[in-house]
Each structure stands twice: as C-alpha cells, then as structure tokens.
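Visitor: Sending over a structure as structure tokens; questions will come in a sec.
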2 protein chains.
Amino acid sequence: MATKRVGARTLRFGEPPAVQSWAAVVGKREGEGPLGNRFDRIHRDTLLGEKSWEKAESRMQSEALTLALEKAGVESDDVDVIYAGDLMNQCIATSFGMRSFGRPLIGLYGACSTMAEGLMSASMAIDGGFADTAAALTSSHFASAERQYRTPLEYGAQRTPTAQWTATASGAALLHAKLSGGRSSEPRVTYALPGRIVDLGIKDANNMGAAMAPAAADTLLALFRDTGTTPADYDLVVTGDLGVVGFDLLRALLKREGVEPGVSMNDCGLLLFDREREDVHAGASGCGCSAAVLCAMLLPELERGRLKRIVFAGTGALLSPTSSMQGESIPGICHAVVIEAGEGAGAQC
Amino acid sequence: MATKRVGARTLRFGEPPAVQSWAAVVGKREGEGPLGNRFDRIHRDTLLGEKSWEKAESRMQSEALTLALEKAGVESDDVDVIYAGDLMNQCIATSFGMRSFGRPLIGLYGACSTMAEGLMSASMAIDGGFADTAAALTSSHFASAERQYRTPLEYGAQRTPTAQWTATASGAALLHAKLSGGRSSEPRVTYALPGRIVDLGIKDANNMGAAMAPAAADTLLALFRDTGTTPADYDLVVTGDLGVVGFDLLRALLKREGVEPGVSMNDCGLLLFDREREDVHAGASGCGCSAAVLCAMLLPELERGRLKRIVFAGTGALLSPTSSMQGESIPGICHAVVIEAGEGAGAQC
C-alpha cells in the first residue's frame, strides 16, 4: 500500500476527498456579525422553537446536516458515516441531533477542535476505502454552554477581558470520494495532522485561548516541518477559536521557533464577531465557531477560487468544570487539515 | 482501490490489523469477581493514591496503556495515534490520562461502546494506511460515574433491580499493521460495523440495558446479513454491557427477526461480576466493563486459540443527566468488530 504519511506526523491523502456541500446555521448575534450575509440560516429565536437550549442546539445540528444534504442532492441514506461531536456533557447535541437520520455515527470528542477532527476522520474513512460519502459536523450554543460550564445566565456574572463568547452555531460538511464525480470546483482535503495534548499549566478557565495556543503551535510547526511549508505558502492559516489573547500568543510561539506568521494567519474566533461593535471580549469560541466560519466563508471562498490553499486548524480546550474545580490545568489540542481549491475552482464566478 | 465494504454497512479490512498487546487495570470488586486472576493489575484503593475519583480514573487509563506498551516492547513515541474516550463530562479521564504520553489523540465519544468504537477506528487508521501502530482504550470508575450521573454516594440512594453497576476498570489494546511483523498468534480485526442511533423511547435511566438492546440488535442483524453469518458461525458473540435485562431483550429481538441467538452469545456485563454473589443487580456497565473483559479474557483466549472468531459489540447509552431531566428518551448505539485468532494461535499453549 502506498504510504499515506509525510514526515513525522502528517497524513497525506492519496486521492484527496472532496467537500461536495456544506451549510452553516447560526443564532441572532452571529447573524448580525461581519459574516452575517453568508450563513444559510439565521435564527432570531435562541430556542429555535424548542423547549430548552440543549434541544435548540441539537436542532441546529440537524438543520445544518439537512441543508448540506439538500444542497448536494444527496439522500441521507446515502451517507455512509457521520463524524460528529459537541461540547455538551455526553455530547447530547449530537446524539439527539443525529438521532433521526438513522445513519452510522462515529461520535467524537475534541472540544472546539471537533470540526477539524471530523474533517480529518471523514477524509481518512473515505481515502481509506471505508466510505464513499461521509459527513462532519458540530455545534455550540451560547446559552447551553454558559449554563453547563459557568453560571446560570440569570446570575449576570461578570466576564473577564480574556473570556470568549461561545458561538451559537452549527456547521456541517459533506465529503465524498473524488472518484465518484462531483463538481471540478469542489475543495479537496489534501493533508491532515492529528494533534497531541499540550498543557503548559494554564489554569484560568476564562483564558482558554492561552491554554490552546501552545497546542496550535505544536500542530502547525509539525505540519510546516513535515510538508516543508511556511505560513506564506498558504492563502490562509486559520485557527479555530484562540481569540485575540491566544492568537497573539500563537504568533509569538511561532516566531520563537523561527517561523514568521506573516499576513496569512487568522483565527475564526476573530472572524465571527466584530470585536469593536460587539461585547464579546477576546472573541468567539465554541465548536460551532470554526465550523460556521468554515462552512459560511472558507469553503465558499475555496470553491470560488479566491482561496487556493488553506490550513484549517481546530483548537480545543479539554477541560471540564470538574477538572477546573479540582485544581487541574487546561490541556489543549489542535487538529489540522489542509484544504485546497479544486482545479475548476472559480470557473463559475 | 479495492473495496473495503461488504453489504450495506460492514467494513472489511484488506490487511486485517493485529492486536499485538493489551492490558486491563481494575478495582477491588472487579478483582474479586470471576475474572479476578486474569487482570494485569487490581487496585484495592478506590482512589489509586490520587486525590479524587476522576484523577483515579485518569490514572487507570494511563496505567493500562503503559502496561500494554511494556508488554509489546513498544515505546510510546512509536504509537502513531491513540483513540480514546470515556464517560466523564468532556471525557476528562482520557484528556488527563493521555496528557503525559504526548502522542496524537483522536478523542471519541460513544459512551459504553467506546472500546469497540476505538478498535474499529484504530483498525481503519491502520488498514487505511494512516498509522502503523495505534492504541484503543477507555475507562470507567464506579464512584466518578455515580457522582456525575446519579446522586452523591453519601446519600445511599436505593438502586432498582434493572440498574447496573459501573465497572471500575480500564482496558487498552495496541494494534499494528500485520505486515510490520509480530507474533503469528496475534488476534486480528477482520470486520467492523459502525452503529447507528436507535431509540425506541425508553426513558428509565436505571434501565440502560433495555435502551441499548435495540441498537445491539440493529448492528448484529446488519453484520450477520452483510457477511452471511449467524451467531453459530462465531465462538462468541459478546455485547458490551446490556446486563441481564437488556441481554434477554436482545435475544428476543434477534429471534423475532428469525435469527437464533444460540449458545455462543454472551454479555460482558454478565461476565465481569458474579451476580449471585455480588449485589450488582442487572450486571456490570461502564466503558471499562467491555474493555476490561476484552483485554483480560477475550483477547488472551483468541491468542491461545480457544476462541477462533468472535463478534465484540460495544453498546452505548447516549444519555446525559440533563437530557433525562428534560424528559428525553435514551438513544442507544452499538459498534461491532469481528476479531479472529491468528494462524499461529494456540501454538505456545
């Protein structure tokens, strides 16, 4: 079998799987942000007509996958496997959101790195010959996350400047084997790098960007080394949700290792909201943040050919309220995928 | 590329990955059960010398992987990827247990189906060409699970007859590409089937066996259909942790579909404890239950050639206390792998 690895840790897909469709469903605040006109659906009702925020989050996942399937003209019965997960205890947004689809589900837990973890896993399943069509999706919801991780919203607790705002959002991507046809403009997943846990001892659960930045640096440095690239070789190197504090730290960490971050780097946590206008402190976070930015902005720009080659590096803080209350620090993880424009990208613009 | 699928949903590994080593670490009660002399390590101290049950559970995972690595003579740096997850909120047993290994980690969430999900995923990574060596592991801890899912132990809450006893246990398996050498007696993963969510509306969180049985039936029926086999074609068809109530239901469901369960069926939740002697009600449960039974009993029996071919079907109840309190039913899932004895199995007995 041809090797599918490059260097120490990077996976190289022999027949890069293509992303045939995608969809992003978000809440009101996200819809009023800089990417507002790019989302597939914006819900002004935080509950989406459901009886709880948790059920609303499940519904967002279900809607995102349904929209992605509709766009591709694919029946849900033709999805061989779904990779999904979320931030809720026991990943209930996924279990209840995916329940009605009746398709094989491989549940993931990667905190806010889940979308990248899912894209990587779905690409491995397809390029490994185990699936023709696979979905990757995730979600987060501001109110369900606050209730679970912090204090009831009714307390009106003060937020620190390093805190981030959990996105109310879900993003779903549908991948298939390129050999099975599709548009020549479909973006393709060419490389992936599964992250390892990095924990430099940050204990402040209101500063998750700082806790995740070392993991992002570890993953990006490994990817650049394995593939002989630098940030300048990509139109965009985008992390999941480091926010302004973590993103600055990441840039400093890369510089310390002799890698010039340059102008192509950005962070989904800085792209989702306008920090000048919205009171979101250090930026956006949550599984849904990077998933929605990917599906509303990055994949469309790749299809249009305005982006040719990007690194999408999902970042996750693997803490729980219990681990924090027991005095533990915050382990970080970062999974990365390289996505490139299809040869026919931009032809239809 | 040669197809790696059989029938509607079954994955067939082209070069079946081999399980080169395994280890099971358990608590006192598990050590006093029928499998007591088969575990690698039995801890009489529920805390394992740690300050909390959660940290003790992390330590069990870390010990199980360390023991499996030692048995195989493999350095942790040579593990390409770890697939792991657990029952704790945000899977902290895994995040903190795996932190010190510094290896790529793909976090899973499958509740008590995690060991089967991990074996399947690790086999896909290896047979897909993405890893030479991969680990699959999980854990559960009676006290950390009770605290999180039910009531503080100090309340002394009454348990219903259908309730199961969460195993304090961790199991780790180390897989590698068969082409990379190893003993001819190593068990091999030949087929896998990713489960789908099945939810028939059971709402009693003290009867998870009943909630999971329909998912187990769905997966096993699909596997039998796709591969043209029946339970009689296997030395053992073993579910994860249905317990006595769920296991009886599964047998009834199979019969209703014209499949004779026969004598080769069993359940890890019935193998771990002696229900006559121990007050464990319907049997054992928890991610660690099937993982420990696999690593203490099933894989060794395959290596010795006393078992030739088994189905290991992990069963998961995808509920959370929040979903139950919000009136939701319990979605079940079941991932299955077929494991066969190596051609040299039993030679050294």
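Identifiers for the structure tokens are assigned positionally: chains receive A, B, ... in sequence, residues are indexed from 1 per chain, and ligands are indexed from 1 in the order shown.
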So that I can check the surroundings of Ala317 (chain B), please list as a PyMOL selection string every protein, DNA and RNA residue that reaches within 12 Å of it, counting only C-alpha atoms and ignoring chain neighbours fewer than 3 positions away.
Guide: (chain A and resi 90-92+95-96) or (chain B and resi 87+109-114+196-199+202-216+240-242+246+285-287+314+320-321+323-324+329-335)
Visitor: Once DSSP has gone over the backbone, tell me which residues of region 12-221 of chain B are in strand (DSSP E), as a PyMOL selection string.
Guide: chain B and resi 12+18-27+41-43+81-86+105-107+133-140+165-166+169-176+188-193
Visitor: Using DSSP on the backbone coordinates, identify the residues of region 131-287 of chain A assigned to helix (DSSP H, G or I); present them as a PyMOL selection string.
Guide: chain A and resi 142-149+153-155+178-180+208-227+231-233+243-256+268-271+287
Visitor: Contacts between chain B and chain A, please, where a residue of chain A counts if it comes within 6 Å (with only C-alpha atoms); show its shortest atom pair and distance in Å to one decimal, rows by chain and ascending number, as a Markdown table.
Guide:
```
| residue | atom | partner | partner_atom | distance |
| --- | --- | --- | --- | --- |
| A:Lys4 | CA | B:Phe130 | CA | 5.6 |
| A:Asn89 | CA | B:Asn89 | CA | 4.8 |
| A:Gln90 | CA | B:Ser320 | CA | 5.8 |
| A:Arg99 | CA | B:Ile197 | CA | 5.6 |
| A:Gly102 | CA | B:Arg196 | CA | 5.8 |
| A:Arg103 | CA | B:Arg196 | CA | 5.2 |
| A:Pro104 | CA | B:Arg196 | CA | 4.1 |
| A:Leu105 | CA | B:Arg196 | CA | 5.5 |
| A:Gly107 | CA | B:Tyr109 | CA | 4.8 |
| A:Leu108 | CA | B:Leu108 | CA | 4.2 |
| A:Tyr109 | CA | B:Gly107 | CA | 4.8 |
| A:Gly110 | CA | B:Gly107 | CA | 5.6 |
| A:Gly128 | CA | B:Gly128 | CA | 3.9 |
| A:Gly129 | CA | B:Lys4 | CA | 5.6 |
| A:Phe130 | CA | B:Lys4 | CA | 5.6 |
| A:Pro194 | CA | B:Pro104 | CA | 5.4 |
| A:Gly195 | CA | B:Pro104 | CA | 5.0 |
| A:Arg196 | CA | B:Pro104 | CA | 4.1 |
| A:Ile197 | CA | B:Arg99 | CA | 5.6 |
| A:Ser320 | CA | B:Gln90 | CA | 5.8 |
```
Visitor: Using only C-alpha atoms, which protein or nucleic acid residues come within 7 Å of region 25-33 of chain A? Drop anything in the same chain fewer than 6 positions from it, and give the result as an MDAnalysis selection string.
Guide: chainID A and resid 39:44 46 60 64 168:171 272:274
Visitor: Would you work out the distance separating CA of Lys178 (chain B) from CA of Ala336 (chain B), expressed in Å to one decimal?
Guide: 20.5 Å
Visitor: Tell me which of A:Leu302, A:Leu200, A:Leu175, A:Leu47 sits closest to Asp132 (chain A), counting only C-alpha atoms.
Guide: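 Looking at the shortest contact to Asp132 (chain A), the residue is A:Leu175.
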